[in-house]
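Participant: This structure is in structure tokens; I'll ask about it shortly.
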Amino acid sequence: MKSILENRPALAKEVSKVAEVAGYLWQKGWAERNGGNITVNITDCVDDDIRRMEPISDVKPIGVALPHLKGCYFYCKGTNRRMRDLAREPMENGSVIRILDDCASYVIIADKPVMPTSELPSHLSVHNYLIGKGSPYKASLHTHPIELVAMSHTRKFLEKDVAGTLLWSMIPETKAFCPRGLGIVPYRLAGSVELASATIEELGDYDVVMWEKHGVFAVDGDILQAFDQVDVLNKSAQIYIAAKNMGFEPDGMSQEQMREMSVAFNLPK
């Protein structure tokens, strides 16, 4: 059976980006065992032949009705699949799903009947929100960046915009490439409706949200851009922790220096 990616360069490119990011997550130690998830809206890459494809699974309930996702297609990391395996064989460790007309169920259409992540309802709820507000964002990423998670273990960094402002100040590129900062969600059970709802609320103001004592959730135009935002934030966290390990509190860029940069690069104030 041939892959859905054959003779579909646009779709193959998007899945290739997922595989690339999955490899980075594993190399950085942000994806232990089956940790982390990736979901990408690939509807724009779908042709009429794909729309006519018969499902290779039974109808699966999402658990929630998501009206903006009617007829959409997603590439999803498989449940209990490792990022290091996804990097090597993305279509053996992920699947393409079609959201059905009831907006509350889906079927797998390719390549293998790999069940999507158990956090699929949370990821799809975010995509439903993004489409509903007219966002161009297509990709969602959940991962466990070590230094950012470490920072979430102290109360002071869980106050609104405290961690984000500190991380901006560590190196100019952080504000340039993550201009909306870092949202915070207090601890919620992994995969819960409460966690999804709290994350969606924060995504009104931020593209990256830190889950206390757990990890981060990021959205962007494609999966590489979502990864880049997390990467620059974690680099700033590494710089901050390195300075602390050297025995001093880093000065960071001043408010005036950050305002100057915001003007120069036309960033949000």
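Residue numbering restarts at 1 in every chain; chains get A, B, ... in the order shown in the structure tokens, and ligands count up from 1 in that same order.
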List as number ranges by chain the protein and nucleic acid residues near Ser3 of chain A, meaning an atom at most 8 Å away when only C-alpha atoms are counted, but skip any in the same chain fewer than 2 places from it.
Facilitator: A: 1, 5-6, 110-111
Participant: What's around segment 183-190 of chain A at 9 Å? Count only C-alpha atoms, leave out sequence neighbours fewer than 3 positions away in its own chain, and write the answer as a list in words.
Facilitator: Glu119, Ser152, Phe157, Leu158, Glu159, Lys160, Asp161, Ala163, Gly164, Arg180, Val193, Glu194, Leu195, Ala198, Thr199, Glu202, Leu203, Asp205, Tyr206, Asp207, Val208, Val209, Met210, Trp211, Glu212, Lys213 and His214 of chain A
Participant: Could you write those residues out with N, CA, C and O atoms, as a compact mmCIF listing (two decimals), in the first residue's frame?
Facilitator:
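Dumped everything to part_16.txt:
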# COMPACT_ATOMS: atom_id res chain seq x y z
N GLU A 119 -4.02 12.98 24.01
CA GLU A 119 -4.33 14.40 24.25
C GLU A 119 -4.98 15.05 23.02
O GLU A 119 -5.07 16.27 22.93
N SER A 152 9.40 26.57 36.45
CA SER A 152 8.00 26.54 36.88
C SER A 152 7.81 25.91 38.25
O SER A 152 6.69 25.85 38.76
N PHE A 157 7.94 32.62 39.53
CA PHE A 157 7.89 32.61 38.07
C PHE A 157 6.52 32.23 37.53
O PHE A 157 6.33 32.15 36.31
N LEU A 158 5.57 31.99 38.41
CA LEU A 158 4.22 31.66 37.98
C LEU A 158 3.29 32.86 38.02
O LEU A 158 2.11 32.76 37.66
N GLU A 159 3.83 34.01 38.45
CA GLU A 159 3.05 35.25 38.39
C GLU A 159 3.02 35.74 36.94
O GLU A 159 3.95 35.52 36.17
N LYS A 160 1.95 36.42 36.58
CA LYS A 160 1.76 36.85 35.19
C LYS A 160 2.94 37.67 34.68
O LYS A 160 3.33 38.67 35.29
N ASP A 161 3.52 37.25 33.58
CA ASP A 161 4.56 37.93 32.81
C ASP A 161 5.90 38.06 33.54
O ASP A 161 6.83 38.68 33.01
N ALA A 163 8.09 35.49 34.40
CA ALA A 163 9.06 34.66 33.69
C ALA A 163 9.29 35.18 32.27
O ALA A 163 10.42 35.25 31.79
N GLY A 164 8.20 35.57 31.59
CA GLY A 164 8.34 36.04 30.21
C GLY A 164 9.23 37.27 30.10
O GLY A 164 10.10 37.35 29.22
N ARG A 180 5.31 37.71 21.86
CA ARG A 180 4.12 37.75 22.72
C ARG A 180 4.40 37.21 24.12
O ARG A 180 3.51 37.22 24.97
N VAL A 193 -9.66 18.28 30.49
CA VAL A 193 -10.44 19.37 29.89
C VAL A 193 -10.06 20.70 30.54
O VAL A 193 -9.97 21.73 29.87
N GLU A 194 -9.80 20.66 31.85
CA GLU A 194 -9.43 21.89 32.57
C GLU A 194 -8.12 22.47 32.04
O GLU A 194 -7.99 23.68 31.88
N LEU A 195 -7.16 21.60 31.75
CA LEU A 195 -5.89 22.07 31.20
C LEU A 195 -6.08 22.66 29.82
O LEU A 195 -5.52 23.72 29.50
N ALA A 198 -7.83 26.12 30.16
CA ALA A 198 -6.92 27.15 30.68
C ALA A 198 -5.89 27.56 29.63
O ALA A 198 -5.52 28.73 29.53
N THR A 199 -5.44 26.59 28.83
CA THR A 199 -4.47 26.88 27.78
C THR A 199 -5.08 27.77 26.70
O THR A 199 -4.46 28.76 26.27
N GLU A 202 -5.22 31.34 27.77
CA GLU A 202 -3.93 32.02 27.69
C GLU A 202 -3.52 32.31 26.25
O GLU A 202 -2.82 33.31 25.98
N LEU A 203 -3.94 31.47 25.30
CA LEU A 203 -3.56 31.68 23.90
C LEU A 203 -4.21 32.92 23.30
O LEU A 203 -3.85 33.32 22.19
N ASP A 205 -3.55 35.75 24.47
CA ASP A 205 -2.49 36.75 24.64
C ASP A 205 -1.10 36.24 24.32
O ASP A 205 -0.17 37.05 24.17
N TYR A 206 -0.92 34.93 24.24
CA TYR A 206 0.41 34.35 24.08
C TYR A 206 0.39 33.26 23.01
O TYR A 206 -0.64 32.65 22.76
N ASP A 207 1.57 33.02 22.42
CA ASP A 207 1.72 31.89 21.49
C ASP A 207 2.35 30.68 22.17
O ASP A 207 2.31 29.57 21.64
N VAL A 208 2.99 30.90 23.31
CA VAL A 208 3.62 29.83 24.09
C VAL A 208 3.10 29.91 25.51
O VAL A 208 3.09 30.99 26.11
N VAL A 209 2.67 28.77 26.04
CA VAL A 209 2.12 28.71 27.39
C VAL A 209 2.89 27.66 28.19
O VAL A 209 3.09 26.54 27.72
N MET A 210 3.32 28.06 29.38
CA MET A 210 4.02 27.13 30.26
C MET A 210 3.02 26.49 31.22
O MET A 210 2.26 27.18 31.89
N TRP A 211 3.04 25.16 31.26
CA TRP A 211 2.22 24.40 32.19
C TRP A 211 3.06 24.11 33.43
O TRP A 211 4.11 23.46 33.34
N GLU A 212 2.62 24.58 34.57
CA GLU A 212 3.38 24.43 35.80
C GLU A 212 3.78 22.97 36.03
O GLU A 212 2.96 22.06 35.96
N LYS A 213 5.09 22.77 36.30
CA LYS A 213 5.67 21.46 36.64
C LYS A 213 5.40 20.39 35.56
O LYS A 213 5.39 19.20 35.84
N HIS A 214 5.22 20.81 34.31
CA HIS A 214 4.87 19.85 33.26
C HIS A 214 5.62 20.12 31.97
O HIS A 214 6.42 19.30 31.52
Participant: So, counting only C-alpha atoms, which residue among A:Val263, A:Pro121, A:Val64, A:Tyr137 is closest to Ser192 of chain A?
Facilitator: A:Pro121
Participant: Could you pull out all residues of segment 4-63 of chain A with a DSSP call of strand (DSSP E or B) and give them as an MDAnalysis selection string?
Facilitator: chainID A and resid 37:41 60:61
Participant: Let me make sure I understand: among A:Gly215, A:Gly252, A:Gly132, A:Pro179, which one has the smallest atom-to-atom distance to Pro67 of chain A if we use only C-alpha atoms?
Facilitator: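 Checking each candidate against Pro67 of chain A, we get A:Gly132 as the closest.
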Participant: Report as a PyMOL selection string all protein, DNA and RNA residues lying within 8 Å of His127 of chain A, evaluated on only C-alpha atoms, omitting residues in the same chain fewer than 5 positions from it.
Facilitator: chain A and resi 41+69+138+140
Participant: With only C-alpha atoms as the counted atoms, please give the residues lying no more than 7 Å from segment 71-85 of chain A, apart from itself and same-chain residues fewer than 2 positions off, as an MDAnalysis selection string.
Facilitator: chainID A and resid 22:23 26 31 33:34 37:43 69 87:89 93:101 114:118
Participant: Would you mind writing down, as number ranges by chain, each residue of segment 36-195 of chain A that DSSP on the backbone assigns to alpha helix (DSSP H)?
Facilitator: A: 48-51, 83-88, 120-132, 146-151, 162-170, 172-177, 193-195
Participant: Restricted to N, CA and C atoms, what would the selected residues look like written as a compact mmCIF listing (two decimals), in the first residue's frame?
Facilitator:
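Result saved to selection.txt:
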# COMPACT_ATOMS: atom_id res chain seq x y z
N ASP A 48 -8.57 16.21 -3.81
CA ASP A 48 -9.84 15.50 -3.92
C ASP A 48 -9.68 13.99 -3.73
N ASP A 49 -8.55 13.45 -4.16
CA ASP A 49 -8.33 12.01 -3.99
C ASP A 49 -8.27 11.64 -2.50
N ILE A 50 -7.64 12.50 -1.71
CA ILE A 50 -7.58 12.25 -0.27
C ILE A 50 -8.98 12.35 0.33
N ARG A 51 -9.76 13.30 -0.14
CA ARG A 51 -11.12 13.46 0.39
C ARG A 51 -11.99 12.24 0.09
N MET A 83 9.12 10.22 20.19
CA MET A 83 9.55 11.24 19.23
C MET A 83 10.73 10.76 18.40
N ARG A 84 11.63 9.99 19.00
CA ARG A 84 12.79 9.52 18.23
C ARG A 84 12.36 8.58 17.11
N ASP A 85 11.28 7.84 17.32
CA ASP A 85 10.75 6.97 16.27
C ASP A 85 9.97 7.78 15.23
N LEU A 86 9.25 8.78 15.71
CA LEU A 86 8.52 9.67 14.80
C LEU A 86 9.49 10.37 13.85
N ALA A 87 10.66 10.73 14.35
CA ALA A 87 11.66 11.40 13.53
C ALA A 87 12.12 10.51 12.38
N ARG A 88 12.24 9.21 12.63
CA ARG A 88 12.72 8.28 11.59
C ARG A 88 11.62 7.84 10.65
N LEU A 120 -5.44 14.21 22.08
CA LEU A 120 -6.05 14.74 20.87
C LEU A 120 -7.19 15.72 21.14
N PRO A 121 -8.12 15.44 22.07
CA PRO A 121 -9.19 16.41 22.31
C PRO A 121 -8.67 17.80 22.70
N SER A 122 -7.60 17.84 23.49
CA SER A 122 -7.01 19.13 23.88
C SER A 122 -6.41 19.84 22.67
N HIS A 123 -5.63 19.10 21.87
CA HIS A 123 -5.01 19.71 20.70
C HIS A 123 -6.07 20.18 19.71
N LEU A 124 -7.08 19.35 19.45
CA LEU A 124 -8.11 19.75 18.50
C LEU A 124 -8.94 20.92 19.02
N SER A 125 -9.13 20.99 20.32
CA SER A 125 -9.84 22.14 20.90
C SER A 125 -9.09 23.43 20.64
N VAL A 126 -7.76 23.36 20.72
CA VAL A 126 -6.94 24.54 20.41
C VAL A 126 -7.09 24.91 18.94
N HIS A 127 -7.03 23.93 18.04
CA HIS A 127 -7.17 24.21 16.61
C HIS A 127 -8.56 24.77 16.30
N ASN A 128 -9.57 24.28 16.96
CA ASN A 128 -10.92 24.81 16.79
C ASN A 128 -10.96 26.29 17.20
N TYR A 129 -10.28 26.61 18.29
CA TYR A 129 -10.19 28.00 18.75
C TYR A 129 -9.45 28.86 17.72
N LEU A 130 -8.33 28.35 17.21
CA LEU A 130 -7.53 29.13 16.26
C LEU A 130 -8.32 29.44 14.99
N ILE A 131 -9.00 28.43 14.45
CA ILE A 131 -9.80 28.65 13.25
C ILE A 131 -10.94 29.62 13.54
N GLY A 132 -11.54 29.47 14.70
CA GLY A 132 -12.67 30.32 15.07
C GLY A 132 -12.32 31.79 15.14
N ILE A 146 13.66 21.32 29.53
CA ILE A 146 14.14 21.08 30.89
C ILE A 146 14.22 22.36 31.73
N GLU A 147 14.88 23.38 31.21
CA GLU A 147 15.10 24.58 32.01
C GLU A 147 13.81 25.37 32.25
N LEU A 148 12.94 25.42 31.27
CA LEU A 148 11.66 26.10 31.47
C LEU A 148 10.81 25.38 32.52
N VAL A 149 10.77 24.05 32.45
CA VAL A 149 10.02 23.30 33.45
C VAL A 149 10.62 23.53 34.84
N ALA A 150 11.95 23.56 34.93
CA ALA A 150 12.60 23.82 36.22
C ALA A 150 12.16 25.16 36.80
N MET A 151 12.07 26.18 35.95
CA MET A 151 11.65 27.50 36.43
C MET A 151 10.22 27.49 36.95
N VAL A 162 6.04 37.49 34.73
CA VAL A 162 7.33 37.57 35.43
C VAL A 162 8.38 36.76 34.68
N ALA A 163 8.09 35.49 34.40
CA ALA A 163 9.06 34.66 33.69
C ALA A 163 9.29 35.18 32.27
N GLY A 164 8.20 35.57 31.59
CA GLY A 164 8.34 36.04 30.21
C GLY A 164 9.23 37.27 30.10
N THR A 165 9.02 38.23 30.98
CA THR A 165 9.82 39.45 30.95
C THR A 165 11.28 39.16 31.28
N LEU A 166 11.51 38.29 32.26
CA LEU A 166 12.88 37.91 32.60
C LEU A 166 13.56 37.24 31.41
N LEU A 167 12.86 36.33 30.75
CA LEU A 167 13.46 35.60 29.63
C LEU A 167 13.73 36.53 28.45
N TRP A 168 12.84 37.47 28.20
CA TRP A 168 13.10 38.48 27.17
C TRP A 168 14.42 39.21 27.43
N SER A 169 14.70 39.47 28.70
CA SER A 169 15.84 40.32 29.06
C SER A 169 17.18 39.60 28.96
N MET A 170 17.17 38.29 28.80
CA MET A 170 18.42 37.54 28.82
C MET A 170 19.22 37.68 27.53
N PRO A 172 18.66 39.46 23.26
CA PRO A 172 17.71 40.21 22.42
C PRO A 172 16.84 39.32 21.53
N GLU A 173 17.39 38.22 21.03
CA GLU A 173 16.64 37.39 20.09
C GLU A 173 15.34 36.83 20.68
N THR A 174 15.29 36.70 22.00
CA THR A 174 14.10 36.09 22.59
C THR A 174 12.87 36.94 22.35
N LYS A 175 12.97 38.24 22.56
CA LYS A 175 11.81 39.09 22.29
C LYS A 175 11.55 39.18 20.79
N ALA A 176 12.60 39.16 19.99
CA ALA A 176 12.42 39.26 18.54
C ALA A 176 11.65 38.06 17.99
N PHE A 177 11.94 36.86 18.51
CA PHE A 177 11.37 35.64 17.94
C PHE A 177 10.23 35.05 18.77
N VAL A 193 -9.66 18.28 30.49
CA VAL A 193 -10.44 19.37 29.89
C VAL A 193 -10.06 20.70 30.54
N GLU A 194 -9.80 20.66 31.85
CA GLU A 194 -9.43 21.89 32.57
C GLU A 194 -8.12 22.47 32.04
N LEU A 195 -7.16 21.60 31.75
CA LEU A 195 -5.89 22.07 31.20
C LEU A 195 -6.08 22.66 29.82
Participant: Fewer than 4 positions away in the same chain doesn't count, so skip those; otherwise give me all residues within 12 Å of Asn7 of chain A, counting only C-alpha atoms, as a list in words.
Facilitator: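 Once the adjacent positions are removed, what remains is Lys2, Ser3, Leu11, Ala12, Lys13, Cys45, Val46, Asp47, Asp49 and Ile50 of chain A.
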